[in-house]
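Have a look at the structure below before the remarks.
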Amino acid sequence: MPESRPTVAIVIPVFNEESVLPELFARLGALLKAPGECAWRVVFVNDGSRDRSADLIRAQAAGDPRFELVELSRNFGFQSALAAGLASAGDADAVVTMDADLQDPPEVIPELVSAWRSGAEVVRAVRRSRQETGVRRMGFDLFHAVFGSLTDIPIEGNSGTFGLLGRPALEAFARLPERHRFFPGLRAWIGFATADVAYDRQERAAGKPKQTFRRLVRYAVDGFFSFSYLPLRVLTYMGIAVSGLGFALGLYFIAKRLLGIETATTGFTTLVSLVTFLGGIQLIGIGVLGEYLGRVYDEVKQRPIYLIRPPRR
Ligand code: UDP
Ligand code: MG
């Protein structure tokens, strides 16, 4: 009998998550058991875990064919693992993207699916509350405030990876070739009819965050530079302002000299401050150019975003 129900694939990047996987399997299992109008697939992307994550997933897949394992050849990072998962689940009618650590509760998935069934092509899970505190929290808030006001494509501040992509959105994603990927930004960029589902973001079920603070900062910088030309524009404005000021100063001193008002030959302090200040601005300018140039270089190299290790026999 041909399968007439739509297939929904749940894509989950995994990096050293052996401590949460059993609970994740159990909660996904409960969800999948419920009779529904969808056929499910769960695609785990093992992003080069150094613990028993891959073995656990393999064992789960052996007992239930709806669970699949895609293995990357090393740790490529969350964004690349996510891209690998989207590509592997490419023939599903819809893909749910979520973290393995149960911060995105699987129980919300039916709500995402029903929003999709009622017409949305992209569904974002939007946090009603957030568990992070301290520096991490401040970082998240600051990033969203800056990103929202400065980039050309505003993203929903309270949504992350968790959500659902329908067929047309998936096909659009498959056409995005960039290496520096920032999923929420790309999801905003592709457009399509978007719906939001509110949920309470949970505490990580076990283990430590796998994305270090440094990585999150890099991720934020990436998001910023790949969606905004503002840093370049600021440099241009600064250049115009500084050269305008320089020109005015020049006129002033020439006029003084012509009128015979003698200028003192002191001014060492002024000179030193001017030279260092302008030197600093120029170096910042070169740095900003470098950020863009480095990204251009990475794109031009055309290296694959991830490499898949063939299944073990
Ligand atoms: N992850 C991954 N590769 C990495 C780091 C993390 O696939 O290099 C996965 C991780 O297993 C989890 C998800 O990405 O499923 C989110 O990671 P984490 O919870 O550490 O990040 P945060 O909650 O701070 O965004
Ligand atoms: Mg997490």
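If you're wondering about the labels, chains in the structure tokens are A, B, ... by order shown, residues count from 1 in each chain, ligands from 1 in order shown.
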
- prompt: Excluding same-chain residues fewer than 6 positions from range 272-274 of chain A, what lies within 12 Å of it counting only C-alpha atoms, as number ranges by chain?
  reply: A: 242, 245-246, 266, 280-281

query: Using only C-alpha atoms and all ligand atoms, what are the residues with an atom within 6 Å of ligand 2, set out as a count of residues only?
result: 4

- prompt: range 159-163 of chain A: which residues within 12 Å, counting only C-alpha atoms, same-chain residues fewer than 6 positions away excluded, as number ranges by chain?
  reply: A: 9-13, 78-79, 82-83, 94-106, 108-113, 115-116, 120-130, 140-141, 144, 169, 182-188, 194-201

task: Based on DSSP run over this structure's backbone, return all residues of range 30-219 of chain A in strand (DSSP E or B), as a PyMOL selection string.
output: chain A and resi 39-46+67-72+94-97+122-129+159-166+194-200

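Minimum distance to Leu21 in chain A across A:Leu56, A:Ala172, A:Leu307, A:Leu69 (counting only C-alpha atoms) occurs at A:Leu56.
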
- request: Within 8 Å of range 217-234 of chain A, counting only C-alpha atoms, which residues show up once you throw out same-chain ones fewer than 5 positions away? Write them as a ChimeraX atom specification, please.
  value: /A:143,147,150-153,180-182,185,288-289,291-292

Could the residues in this selection be saved with N, CA and C atoms as a compact mmCIF listing (two decimals), in the first residue's frame?
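Produced file part05.txt, reproduced below:
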# COMPACT_ATOMS: atom_id res chain seq x y z
N PHE A 143 23.00 40.47 21.51
CA PHE A 143 23.10 40.08 20.12
C PHE A 143 21.80 40.35 19.37
N PHE A 147 21.49 42.86 16.38
CA PHE A 147 21.18 42.24 15.09
C PHE A 147 19.87 42.78 14.53
N LEU A 150 20.25 46.51 13.30
CA LEU A 150 21.27 46.90 12.34
C LEU A 150 21.29 46.13 11.03
N THR A 151 20.77 44.92 11.02
CA THR A 151 20.88 44.16 9.78
C THR A 151 19.68 44.41 8.88
N ASP A 152 19.83 44.01 7.66
CA ASP A 152 18.78 44.26 6.68
C ASP A 152 17.64 43.27 6.84
N ILE A 153 17.92 42.10 7.45
CA ILE A 153 16.88 41.09 7.65
C ILE A 153 16.67 40.85 9.13
N HIS A 180 29.65 30.06 5.79
CA HIS A 180 29.38 30.64 7.11
C HIS A 180 27.89 30.72 7.26
N ARG A 181 27.32 29.76 7.97
CA ARG A 181 25.86 29.67 8.01
C ARG A 181 25.33 30.10 9.36
N PHE A 182 24.26 30.85 9.31
CA PHE A 182 23.59 31.31 10.53
C PHE A 182 22.12 31.01 10.32
N GLY A 185 19.04 33.43 10.66
CA GLY A 185 19.11 34.48 9.64
C GLY A 185 18.71 33.96 8.27
N VAL A 288 38.08 45.35 9.85
CA VAL A 288 36.71 45.13 9.34
C VAL A 288 36.76 44.61 7.91
N LEU A 289 37.62 45.22 7.10
CA LEU A 289 37.79 44.72 5.72
C LEU A 289 38.20 43.26 5.75
N GLU A 291 37.60 40.99 8.00
CA GLU A 291 36.47 40.11 8.35
C GLU A 291 35.71 39.72 7.09
N TYR A 292 35.46 40.70 6.24
CA TYR A 292 34.73 40.40 5.01
C TYR A 292 35.60 39.60 4.04

field: Atomic distance CA of Ala205 in chain A - atom 11 (O, counted along the ligand's line) of ligand 1, expressed in Å with one decimal
entry: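 Interatomic distance, CA of Ala205 in chain A to atom 11 (O, counted along the ligand's line) of ligand 1: 11.7 Å.
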
task: Would you return as a PyMOL selection string the members of range 18-238 of chain A that DSSP assigns to alpha helix (DSSP H) on this structure's backbone?
output: chain A and resi 21-33+53-63+78-88+109-117+134-150+167-174+183-190+213-227+230-238

- request: Choose the residue, out of A:Arg303, A:Asn158, A:Asp93, A:Ala193, that has the smallest atom-to-atom separation from Ser118 in chain A; count only C-alpha atoms.
  value: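 Closest to Ser118 in chain A, using only C-alpha atoms: A:Ala193.
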
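Each of A:Ile286, A:Ala61, A:Ala84, A:Ala92 was compared to ligand 1 using only C-alpha atoms and all ligand atoms, and A:Ala84 turns out to be the nearest.
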
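From CA of Asn46 in chain A back to CA of Lys208 in chain A, the distance works out to 17.0 Å.
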
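Neighbours of Arg66 in chain A closer than or equal to 9 Å, with only C-alpha atoms counted and sequence neighbours fewer than 3 positions away skipped, come out as Ala39, Trp40, Arg41, Val42, Val43 and Ala61 of chain A.
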
For N, CA and C atoms, I'd like the residues from the last selection saved as a PDB file, in the first residue's frame.
ATOM      1  N   ALA A  39       3.911  10.182   8.970  1.00  0.00           N
ATOM      2  CA  ALA A  39       4.928   9.140   9.095  1.00  0.00           C
ATOM      3  C   ALA A  39       6.204   9.838   9.562  1.00  0.00           C
ATOM      4  N   TRP A  40       6.840   9.291  10.608  1.00  0.00           N
ATOM      5  CA  TRP A  40       7.986   9.977  11.205  1.00  0.00           C
ATOM      6  C   TRP A  40       9.321   9.388  10.779  1.00  0.00           C
ATOM      7  N   ARG A  41      10.317  10.256  10.739  1.00  0.00           N
ATOM      8  CA  ARG A  41      11.714   9.815  10.655  1.00  0.00           C
ATOM      9  C   ARG A  41      12.481  10.667  11.641  1.00  0.00           C
ATOM     10  N   VAL A  42      13.461  10.075  12.301  1.00  0.00           N
ATOM     11  CA  VAL A  42      14.316  10.868  13.175  1.00  0.00           C
ATOM     12  C   VAL A  42      15.744  10.721  12.666  1.00  0.00           C
ATOM     13  N   VAL A  43      16.321  11.831  12.199  1.00  0.00           N
ATOM     14  CA  VAL A  43      17.675  11.787  11.636  1.00  0.00           C
ATOM     15  C   VAL A  43      18.646  12.419  12.621  1.00  0.00           C
ATOM     16  N   ALA A  61      18.588   2.740  16.412  1.00  0.00           N
ATOM     17  CA  ALA A  61      18.175   2.568  15.018  1.00  0.00           C
ATOM     18  C   ALA A  61      17.978   1.089  14.682  1.00  0.00           C
TER      19      ALA A  61
END

Minimum-distance residue to ligand 1, chosen among A:Gly48, A:Pro35, A:Gly239, A:Pro22 (using only C-alpha atoms and all ligand atoms):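 For ligand 1, the nearest of the candidates is A:Gly48.
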
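Across the structure, CA of Leu251 in chain A and CA of Leu235 in chain A are spaced 24.3 Å apart.
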
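Among the candidates A:Glu203, A:Glu178, A:Glu262, A:Asp55, the one nearest to ligand 1 when counting only C-alpha atoms and all ligand atoms is A:Glu203.
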